[in-house]
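A.B. asks: Below is the file structure-v9.cif, which contains mmCIF, C-alpha atoms.
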```cif
data_data
#
loop_
_atom_site.label_atom_id
_atom_site.label_comp_id
_atom_site.auth_asym_id
_atom_site.auth_seq_id
_atom_site.Cartn_x
_atom_site.Cartn_y
_atom_site.Cartn_z
CA MET J 969 0.48 31.91 -3.56
CA SER J 970 1.62 28.30 -3.31
CA GLN J 971 1.45 26.08 -6.37
CA PRO J 972 -1.34 23.45 -6.36
CA MET J 973 -0.01 19.97 -5.83
CA ILE J 974 -1.20 16.40 -5.67
CA ILE J 975 -2.63 15.28 -2.32
CA LEU J 976 -1.90 11.74 -1.13
CA TYR J 977 -4.26 10.49 1.60
CA ASP J 978 -2.45 8.38 4.18
CA VAL J 979 -3.10 6.91 7.62
CA PRO J 980 -1.15 8.14 10.68
CA SER J 981 0.57 5.94 13.24
CA ASN J 982 2.84 6.37 16.23
CA ILE J 983 6.03 5.59 14.34
CA PRO J 984 7.98 8.23 12.38
CA GLN J 985 7.04 7.26 8.82
CA PRO J 986 3.88 5.98 7.14
CA TRP J 987 3.69 2.23 7.49
CA ALA J 988 0.32 1.25 5.99
CA PRO J 989 -0.80 -1.43 8.48
CA ASN J 990 -3.99 -2.27 6.64
CA ALA J 991 -3.11 -5.90 6.02
CA TRP J 992 -6.17 -7.51 7.49
CA ARG J 993 -9.49 -8.24 5.87
CA ILE J 994 -12.53 -7.08 7.86
CA ARG J 995 -16.08 -6.79 6.61
CA SER J 996 -18.16 -4.67 8.97
CA THR J 997 -20.50 -1.73 9.07
CA HIS J 998 -17.42 0.51 9.03
CA SER J 999 -15.33 -0.51 6.05
CA TYR J 1000 -13.82 -3.25 3.97
CA LEU J 1001 -10.07 -3.45 4.14
CA SER J 1002 -8.16 -5.65 1.69
CA PRO J 1003 -4.91 -7.36 2.66
CA PHE J 1004 -2.69 -5.02 0.69
CA ARG J 1005 -4.74 -1.90 0.09
CA ASN J 1006 -2.93 0.52 2.33
CA LEU J 1007 0.46 -0.81 1.36
CA PHE J 1008 -0.43 0.79 -1.95
CA ILE J 1009 -0.10 4.12 -0.17
CA ILE J 1010 3.60 3.38 0.21
CA VAL J 1011 3.74 2.30 -3.44
CA PHE J 1012 2.28 5.58 -4.63
CA ARG J 1013 4.49 7.62 -2.33
CA LEU J 1014 7.49 5.88 -3.88
CA ILE J 1015 6.12 6.57 -7.38
CA LEU J 1016 5.40 10.24 -6.66
CA ASN J 1017 8.92 10.68 -5.29
CA TYR J 1018 10.47 8.71 -8.16
CA LYS J 1019 8.66 10.87 -10.71
CA ARG J 1020 9.65 13.98 -8.74
CA LEU J 1021 6.06 15.19 -8.60
CA PRO J 1022 5.17 17.86 -6.01
CA TYR J 1023 2.66 16.51 -3.50
CA ARG J 1024 1.63 16.72 0.12
CA THR J 1025 0.16 14.20 2.54
CA CYS J 1026 -3.27 14.48 4.12
CA TRP J 1027 -3.37 12.29 7.23
CA VAL J 1028 -6.67 10.51 7.84
CA GLU J 1029 -7.42 8.08 10.67
CA PHE J 1030 -9.34 4.97 9.66
CA PRO J 1031 -12.70 5.96 11.19
CA ASP J 1032 -12.54 9.24 9.23
CA ILE J 1033 -11.76 7.74 5.81
CA GLU J 1034 -15.34 7.51 4.53
CA PRO J 1035 -16.46 11.06 5.48
CA THR J 1036 -13.18 12.49 4.23
CA LEU J 1037 -13.44 10.79 0.84
CA ARG J 1038 -17.12 11.64 0.49
CA ALA J 1039 -16.27 15.29 1.12
CA ILE J 1040 -13.92 15.39 -1.88
CA ASN J 1041 -16.31 13.46 -4.16
CA ALA J 1042 -14.05 10.43 -4.27
CA PRO J 1043 -15.48 7.39 -6.02
CA PRO J 1044 -16.19 4.42 -3.74
CA THR J 1045 -13.69 1.59 -3.89
CA SER J 1046 -16.33 -1.13 -3.99
CA THR J 1047 -19.87 -1.95 -2.87
CA ARG J 1048 -21.12 -3.96 0.09
CA PRO J 1049 -23.57 -6.84 -0.49
CA ASP J 1050 -26.40 -4.58 0.66
CA GLY J 1051 -25.49 -1.99 -1.97
CA ARG J 1052 -23.83 0.57 0.28
CA PRO J 1053 -20.59 2.07 -1.06
CA VAL J 1054 -17.22 1.30 0.52
CA TYR J 1055 -14.53 3.95 0.84
CA THR J 1056 -10.91 2.98 1.43
CA LEU J 1057 -7.43 4.36 0.93
CA PRO J 1058 -5.27 4.85 -1.05
CA ALA J 1059 -6.65 7.99 -2.63
CA ILE J 1060 -5.13 10.90 -4.48
CA LEU J 1061 -6.51 14.30 -5.42
CA ASP J 1062 -4.86 16.15 -8.30
CA PRO J 1063 -5.98 19.82 -8.38
CA THR J 1064 -3.86 20.49 -11.45
CA HIS J 1065 -6.16 18.42 -13.66
CA VAL J 1066 -9.93 18.50 -14.06
CA SER J 1067 -11.99 15.33 -13.92
CA SER J 1068 -13.97 14.36 -17.00
CA SER J 1069 -16.73 12.73 -14.94
CA THR J 1070 -20.04 14.49 -14.27
CA HIS J 1071 -21.12 15.57 -10.77
CA PHE J 1072 -24.33 17.18 -9.57
CA ASP J 1073 -24.76 19.33 -6.48
CA PRO J 1074 -27.51 18.62 -3.89
CA SER J 1075 -30.00 20.76 -5.84
CA GLY J 1076 -29.55 18.58 -8.92
CA SER J 1077 -27.65 21.21 -10.89
CA LEU J 1078 -24.46 20.35 -12.73
CA SER J 1079 -21.55 21.18 -10.45
CA GLN J 1080 -18.48 23.17 -11.39
CA PRO J 1081 -15.42 21.36 -12.79
CA HIS J 1082 -13.64 19.53 -10.02
CA PRO J 1083 -10.15 18.09 -9.60
CA VAL J 1084 -9.29 14.49 -10.38
CA VAL J 1085 -9.92 12.21 -7.37
CA LEU J 1086 -9.01 8.53 -7.61
CA THR J 1087 -9.21 5.64 -5.15
CA HIS J 1088 -8.63 2.34 -6.99
CA PRO J 1089 -4.93 1.35 -6.93
CA ASN J 1090 -4.69 0.29 -10.58
CA THR J 1091 -6.53 3.42 -11.67
CA ILE J 1092 -4.15 5.60 -9.65
CA ALA J 1093 -1.09 3.86 -11.10
CA GLU J 1094 -2.36 4.23 -14.67
CA TYR J 1095 -3.34 7.85 -14.11
CA LEU J 1096 0.07 8.85 -12.72
CA GLU J 1097 1.84 7.06 -15.55
CA HIS J 1098 -0.28 8.50 -18.35
CA THR J 1099 -0.60 12.02 -16.93
CA TYR J 1100 3.03 12.32 -15.86
CA PRO J 1101 4.98 10.12 -18.29
CA ALA J 1102 8.44 11.43 -17.37
CA ARG J 1103 10.52 8.86 -15.47
CA PRO J 1104 8.12 6.00 -16.31
CA VAL J 1105 7.43 3.19 -13.85
CA VAL J 1106 5.46 1.12 -16.37
CA PRO J 1107 7.68 0.65 -19.44
CA GLU J 1108 5.91 0.64 -22.77
CA GLY J 1109 4.22 -2.66 -23.51
CA THR J 1110 4.41 -3.98 -19.92
CA CYS J 1111 1.18 -2.66 -18.36
CA ALA J 1112 -0.50 -6.07 -18.26
CA LEU J 1113 2.57 -7.80 -16.84
CA GLN J 1114 3.15 -5.07 -14.25
CA THR J 1115 -0.48 -5.26 -13.14
CA LEU J 1116 -0.31 -9.06 -12.89
CA PHE J 1117 2.94 -8.88 -10.91
CA VAL J 1118 1.52 -6.36 -8.43
CA HIS J 1119 -1.61 -8.52 -8.07
CA TYR J 1120 0.61 -11.50 -7.22
CA VAL J 1121 2.48 -9.49 -4.58
CA SER J 1122 -0.74 -8.20 -3.03
CA GLU J 1123 -2.77 -11.40 -3.05
CA ILE J 1124 -0.21 -14.23 -2.66
CA PHE J 1125 3.27 -13.04 -1.74
CA VAL J 1126 2.14 -11.02 1.27
CA GLN J 1127 -0.24 -13.61 2.74
CA PRO J 1128 2.13 -15.44 5.16
CA LEU J 1129 3.08 -12.11 6.72
CA LEU J 1130 -0.43 -11.33 7.88
CA GLN J 1131 -0.46 -13.58 10.95
CA ILE J 1132 2.79 -11.98 12.13
CA LEU J 1133 2.46 -8.32 11.26
CA VAL J 1134 -1.24 -7.67 11.73
CA PRO J 1135 -1.13 -7.87 15.55
CA LEU J 1136 2.07 -5.81 15.62
CA SER J 1137 0.51 -3.25 13.29
CA HIS J 1138 -2.62 -3.05 15.41
CA GLN J 1139 -0.56 -2.18 18.48
CA ARG J 1140 0.77 0.90 16.68
CA LEU J 1141 -2.64 2.32 15.88
CA PRO J 1142 -4.00 5.22 17.95
CA PRO J 1143 -6.44 4.00 20.67
CA ARG J 1144 -9.46 5.44 18.84
CA VAL J 1145 -8.57 3.44 15.73
CA GLN J 1146 -7.90 0.25 17.70
CA ASN J 1147 -11.44 0.50 19.07
CA HIS J 1148 -12.72 1.02 15.53
CA PHE J 1149 -11.19 -2.27 14.42
CA ARG J 1150 -12.23 -4.19 17.51
CA ALA J 1151 -15.82 -3.18 16.79
CA GLY J 1152 -15.45 -4.36 13.22
CA VAL J 1153 -14.03 -7.72 14.21
CA ALA J 1154 -16.65 -8.24 16.89
CA GLY J 1155 -19.43 -7.60 14.40
CA HIS J 1156 -18.13 -9.92 11.70
CA ARG J 1157 -18.79 -13.67 11.56
CA GLY J 1158 -16.61 -14.52 8.58
CA ASP J 1159 -12.86 -14.78 8.16
CA THR J 1160 -10.81 -12.22 10.06
CA TYR J 1161 -7.27 -11.86 11.26
CA ASP J 1162 -6.77 -11.45 14.97
CA THR J 1163 -5.81 -7.81 15.36
CA ALA J 1164 -5.24 -7.98 19.10
CA GLY J 1165 -3.48 -11.25 19.89
CA ALA J 1166 0.07 -12.20 18.96
CA LEU J 1167 1.18 -15.59 17.77
CA HIS J 1168 3.00 -17.85 20.20
CA ALA J 1169 6.77 -17.62 19.67
CA ARG J 1170 7.02 -21.14 18.21
CA ARG J 1171 4.06 -20.61 15.91
CA ARG J 1172 5.43 -17.26 14.80
CA GLU J 1173 8.78 -18.82 13.95
CA GLU J 1174 6.99 -21.39 11.81
CA GLN J 1175 5.19 -18.53 10.09
CA TRP J 1176 8.50 -16.84 9.30
CA VAL J 1177 9.55 -20.05 7.56
CA ALA J 1178 6.45 -19.74 5.36
CA VAL J 1179 7.32 -16.09 4.68
CA GLN J 1180 10.85 -17.07 3.70
CA ALA J 1181 9.50 -19.63 1.24
CA GLN J 1182 7.53 -16.91 -0.55
CA PHE J 1183 10.58 -14.65 -0.71
CA ALA J 1184 12.74 -17.52 -1.99
CA PHE J 1185 10.26 -18.31 -4.76
CA LEU J 1186 10.15 -14.69 -5.90
CA ALA J 1187 13.94 -14.44 -5.69
CA GLY J 1188 14.20 -17.41 -8.05
CA ILE J 1189 11.94 -15.69 -10.55
CA LEU J 1190 13.81 -12.37 -10.39
CA GLU J 1191 17.16 -14.13 -10.70
CA LYS J 1192 16.22 -15.07 -14.26
CA ASN J 1193 16.93 -11.43 -15.13
CA ALA J 1194 20.58 -11.87 -14.19
CA CYS J 1195 21.45 -13.16 -17.67
CA ASP J 1196 20.82 -9.74 -19.24
CA GLY J 1197 20.21 -7.43 -16.27
CA ASP J 1198 21.24 -6.94 -12.65
CA GLY J 1199 18.74 -9.51 -11.32
CA ASP J 1200 17.61 -7.27 -8.48
CA VAL J 1201 14.65 -5.58 -10.17
CA ALA J 1202 11.68 -6.94 -12.06
CA MET J 1203 12.59 -5.44 -15.44
CA GLY J 1204 16.30 -6.16 -15.11
CA HIS J 1205 17.66 -2.61 -15.05
CA GLU J 1206 15.35 0.23 -13.94
CA LEU J 1207 12.92 0.43 -11.04
CA THR J 1208 9.28 -0.08 -12.01
CA TYR J 1209 5.82 -0.35 -10.47
CA ALA J 1210 6.50 -4.01 -9.66
CA ASP J 1211 9.63 -3.18 -7.64
CA PHE J 1212 7.83 -0.51 -5.66
CA ALA J 1213 5.15 -3.08 -4.79
CA ILE J 1214 7.79 -5.41 -3.37
CA CYS J 1215 9.54 -2.55 -1.61
CA SER J 1216 6.31 -1.50 0.10
CA VAL J 1217 6.25 -4.92 1.78
CA LEU J 1218 9.90 -4.51 2.79
CA ILE J 1219 9.16 -1.11 4.30
CA TRP J 1220 6.21 -2.57 6.20
CA ILE J 1221 8.44 -5.27 7.69
CA GLU J 1222 11.23 -2.81 8.47
CA LYS J 1223 8.86 -0.43 10.28
CA ILE J 1224 6.68 -2.93 12.12
CA ALA J 1225 9.19 -5.71 12.91
CA PRO J 1226 12.57 -3.91 12.96
CA HIS J 1227 14.15 -6.37 15.40
CA GLU J 1228 12.41 -9.67 14.72
CA GLY J 1229 11.69 -9.50 11.01
CA TRP J 1230 13.83 -7.03 9.12
CA PRO J 1231 17.26 -8.38 10.20
CA ARG J 1232 16.41 -11.82 8.79
CA VAL J 1233 14.66 -10.61 5.64
CA ARG J 1234 17.54 -8.36 4.62
CA GLU J 1235 19.88 -11.36 4.74
CA TRP J 1236 17.67 -13.74 2.76
CA ASP J 1237 18.51 -14.73 -0.79
CA GLY J 1238 22.01 -13.34 -0.75
CA GLY J 1239 20.96 -9.90 0.43
CA ARG J 1240 18.71 -9.34 -2.58
CA TRP J 1241 15.95 -7.63 -0.56
CA TRP J 1242 18.39 -5.32 1.17
CA ARG J 1243 19.76 -4.27 -2.22
CA LEU J 1244 16.26 -3.54 -3.51
CA TRP J 1245 15.46 -1.55 -0.36
CA GLU J 1246 18.65 0.48 -0.93
CA ARG J 1247 17.69 1.07 -4.58
CA CYS J 1248 14.36 2.53 -3.40
CA LYS J 1249 15.67 4.35 -0.33
CA GLY J 1250 16.02 7.67 -2.11
CA TYR J 1251 12.27 7.68 -2.84
CA MET J 1252 11.00 7.05 0.69
CA ASP J 1253 10.74 10.69 1.79
CA VAL J 1254 7.44 11.88 3.25
CA PHE J 1255 6.00 15.23 2.18
#
```
What is this file in structure tokens?
C.D. replies:
Amino acid sequence: MSQPMIILYDVPSNIPQPWAPNAWRIRSTHSYLSPFRNLFIIVFRLILNYKRLPYRTCWVEFPDIEPTLRAINAPPTSTRPDGRPVYTLPAILDPTHVSSSTHFDPSGSLSQPHPVVLTHPNTIAEYLEHTYPARPVVPEGTCALQTLFVHYVSEIFVQPLLQILVPLSHQRLPPRVQNHFRAGVAGHRGDTYDTAGALHARRREEQWVAVQAQFAFLAGILEKNACDGDGDVAMGHELTYADFAICSVLIWIEKIAPHEGWPRVREWDGGRWWRLWERCKGYMDVF
């Protein structure tokens, strides 16, 4: 009998490795998708591999995320203005540990103990670190700083990339999922990113300049570690949660824009981003 292992819920695409294209923000009757949420799937895959934890991937297309997560009693990620719950990835299920929360079956009776199921990125990161402390990714005393750093990457650093990579990401979705997002965009009157159209070549080049500015700023911050570290990673020596957040963006670029984007990014800032990608390469396997 096989040993129980952690399940990581990921989204499939038509390229060889997971690429987490969910970099657009859409409010619709289907779901709410934050700019960085599914890049966290890459982050947690890197962490699981780094910690050498046994796990497997459960592939879930976007239209199936809510019913899939409901079926495993996953907590909703957030709530819509009308009070309805929102279910998004990433999510993990750990059958080797029992949840401390209370669940009731449809009859109202207390249900049997159930495995840990988590959906919020920070909660997942903290759970993996506290439950499996070997090979830490959040050094003692740095939880607040690591969380703030990852928030910066997800909410500010990645923003200029959206206009470039969202259309390219959309093209790699299965047809059923493309239709899912078109319906969401059509039904939303607020801010959205165009998932179907590509930027004009000149406009896209201008956007790459904005992307480079974000990378240059972050490179300047990380370079401050060079006085007592190697300057390539956030904590100066060992890979941490913060580095895996940056690397998830690098992987996204490398998978979605391998000819237009990745060749330039890997050369920026003296090859810093290529060196970080190489540091993380051994933890990019998919199981």
A.B. asks: Could you pull the residues within 9 Å of Thr1087 (chain J), counting all atoms listed in the file, minus those fewer than 2 positions along the same chain, as a ChimeraX atom specification?
C.D. replies: /J:1037,1042-1045,1055-1060,1085,1089-1092
A.B. asks: Could you spell out the hits of the PyMOL selection byres ((chain J and resi 1123-1132) around 7) on the shown file, as a list in words?
C.D. replies: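 Evaluating the PyMOL selection byres ((chain J and resi 1123-1132) around 7) on these coordinates yields Ala991, Trp992, His1119, Tyr1120, Val1121, Ser1122, Leu1133, Val1134, Pro1135, Leu1167, Arg1172, Gln1175, Ala1178, Val1179 and Gln1182 of chain J.
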A.B. asks: Just the number, please: distance in Å from CA of Met1203 (chain J) to CA of Thr1099 (chain J), one decimal.
C.D. replies: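 Atom-to-atom, CA of Met1203 (chain J) and CA of Thr1099 (chain J) are spaced 21.9 Å apart.
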A.B. asks: Quick one: axis-aligned box around all listed atoms of region 1055-1069 of chain J, 5 Å on every side, centre and edge lengths in Å to one decimal, written as JSON.
C.D. replies:
```
{"center_x": -10.3, "center_y": 11.7, "center_z": -7.8, "size_x": 22.9, "size_y": 27.5, "size_z": 28.4}
```
A.B. asks: Would you work out the distance separating CA of Asp978 (chain J) from CA of Lys1223 (chain J), expressed in Å to one decimal?
C.D. replies: 15.6 Å
A.B. asks: In terms of the shortest atom-to-atom distance over only C-alpha atoms, which of J:Gly1109, J:Glu1206, J:Gln1180, J:Ala1225 is closest to Gln1139 (chain J)?
C.D. replies: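 Closest residue, counting only C-alpha atoms: J:Ala1225.
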A.B. asks: Which distance in Å separates CA of Ser1046 (chain J) and CA of Val1084 (chain J), to one decimal?
C.D. replies: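 Between CA of Ser1046 (chain J) and CA of Val1084 (chain J) the gap works out to 18.3 Å.
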A.B. asks: Leaving out region 1014-1020 of chain J and any residue of its chain fewer than 3 positions from it, which residues lie within 7 Å of it when counting all atoms listed in the file, given as a list in words?
C.D. replies: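 These residues fall inside the cut-off: Ile1010, Val1011, Ala1102, Arg1103, Phe1212, Tyr1251 and Met1252 of chain J.
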A.B. asks: Any chance you could resolve the PyMOL selection byres ((chain J and resi 1215-1221) around 10) against this file and give the residues as a PDB file with C-alpha atoms, in the frame of the given file?
C.D. replies:
```pdb
ATOM      1  CA  GLN J 985       7.040   7.260   8.820  1.00  0.00           C
ATOM      2  CA  PRO J 986       3.880   5.980   7.140  1.00  0.00           C
ATOM      3  CA  TRP J 987       3.690   2.230   7.490  1.00  0.00           C
ATOM      4  CA  ALA J 988       0.320   1.250   5.990  1.00  0.00           C
ATOM      5  CA  PRO J 989      -0.800  -1.430   8.480  1.00  0.00           C
ATOM      6  CA  ALA J 991      -3.110  -5.900   6.020  1.00  0.00           C
ATOM      7  CA  PHE J1004      -2.690  -5.020   0.690  1.00  0.00           C
ATOM      8  CA  ASN J1006      -2.930   0.520   2.330  1.00  0.00           C
ATOM      9  CA  LEU J1007       0.460  -0.810   1.360  1.00  0.00           C
ATOM     10  CA  PHE J1008      -0.430   0.790  -1.950  1.00  0.00           C
ATOM     11  CA  ILE J1009      -0.100   4.120  -0.170  1.00  0.00           C
ATOM     12  CA  ILE J1010       3.600   3.380   0.210  1.00  0.00           C
ATOM     13  CA  VAL J1011       3.740   2.300  -3.440  1.00  0.00           C
ATOM     14  CA  PHE J1012       2.280   5.580  -4.630  1.00  0.00           C
ATOM     15  CA  ARG J1013       4.490   7.620  -2.330  1.00  0.00           C
ATOM     16  CA  LEU J1014       7.490   5.880  -3.880  1.00  0.00           C
ATOM     17  CA  VAL J1121       2.480  -9.490  -4.580  1.00  0.00           C
ATOM     18  CA  SER J1122      -0.740  -8.200  -3.030  1.00  0.00           C
ATOM     19  CA  PHE J1125       3.270 -13.040  -1.740  1.00  0.00           C
ATOM     20  CA  VAL J1126       2.140 -11.020   1.270  1.00  0.00           C
ATOM     21  CA  LEU J1129       3.080 -12.110   6.720  1.00  0.00           C
ATOM     22  CA  ILE J1132       2.790 -11.980  12.130  1.00  0.00           C
ATOM     23  CA  LEU J1133       2.460  -8.320  11.260  1.00  0.00           C
ATOM     24  CA  SER J1137       0.510  -3.250  13.290  1.00  0.00           C
ATOM     25  CA  TYR J1209       5.820  -0.350 -10.470  1.00  0.00           C
ATOM     26  CA  ALA J1210       6.500  -4.010  -9.660  1.00  0.00           C
ATOM     27  CA  ASP J1211       9.630  -3.180  -7.640  1.00  0.00           C
ATOM     28  CA  PHE J1212       7.830  -0.510  -5.660  1.00  0.00           C
ATOM     29  CA  ALA J1213       5.150  -3.080  -4.790  1.00  0.00           C
ATOM     30  CA  ILE J1214       7.790  -5.410  -3.370  1.00  0.00           C
ATOM     31  CA  GLU J1222      11.230  -2.810   8.470  1.00  0.00           C
ATOM     32  CA  LYS J1223       8.860  -0.430  10.280  1.00  0.00           C
ATOM     33  CA  ILE J1224       6.680  -2.930  12.120  1.00  0.00           C
ATOM     34  CA  ALA J1225       9.190  -5.710  12.910  1.00  0.00           C
ATOM     35  CA  PRO J1226      12.570  -3.910  12.960  1.00  0.00           C
ATOM     36  CA  HIS J1227      14.150  -6.370  15.400  1.00  0.00           C
ATOM     37  CA  GLU J1228      12.410  -9.670  14.720  1.00  0.00           C
ATOM     38  CA  GLY J1229      11.690  -9.500  11.010  1.00  0.00           C
ATOM     39  CA  TRP J1230      13.830  -7.030   9.120  1.00  0.00           C
ATOM     40  CA  PRO J1231      17.260  -8.380  10.200  1.00  0.00           C
ATOM     41  CA  VAL J1233      14.660 -10.610   5.640  1.00  0.00           C
ATOM     42  CA  ARG J1234      17.540  -8.360   4.620  1.00  0.00           C
ATOM     43  CA  TRP J1241      15.950  -7.630  -0.560  1.00  0.00           C
ATOM     44  CA  TRP J1242      18.390  -5.320   1.170  1.00  0.00           C
ATOM     45  CA  LEU J1244      16.260  -3.540  -3.510  1.00  0.00           C
ATOM     46  CA  TRP J1245      15.460  -1.550  -0.360  1.00  0.00           C
ATOM     47  CA  GLU J1246      18.650   0.480  -0.930  1.00  0.00           C
ATOM     48  CA  ARG J1247      17.690   1.070  -4.580  1.00  0.00           C
ATOM     49  CA  CYS J1248      14.360   2.530  -3.400  1.00  0.00           C
ATOM     50  CA  LYS J1249      15.670   4.350  -0.330  1.00  0.00           C
ATOM     51  CA  MET J1252      11.000   7.050   0.690  1.00  0.00           C
TER      52      MET J1252
END
```
A.B. asks: Care to translate the PyMOL selection byres ((chain J and resi 1190-1194) around 12) into actual residues of this file, as a list of chain:residue names?
C.D. replies: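 Taken on the displayed file, the PyMOL selection byres ((chain J and resi 1190-1194) around 12) yields the residues J:Phe1117, J:Phe1183, J:Ala1184, J:Phe1185, J:Leu1186, J:Ala1187, J:Gly1188, J:Ile1189, J:Cys1195, J:Asp1196, J:Gly1197, J:Asp1198, J:Gly1199, J:Asp1200, J:Val1201, J:Ala1202, J:Met1203, J:Gly1204, J:His1205, J:Glu1206, J:Ala1210, J:Asp1211, J:Ile1214, J:Asp1237, J:Gly1238, J:Arg1240, J:Trp1241, J:Leu1244.
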A.B. asks: Which residue out of J:Trp1176, J:Phe1255, J:Tyr1023, J:Tyr977 has the minimum interatomic distance to Thr1036 (chain J) when only C-alpha atoms are used?
C.D. replies: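 For Thr1036 (chain J), the nearest of the candidates is J:Tyr977.
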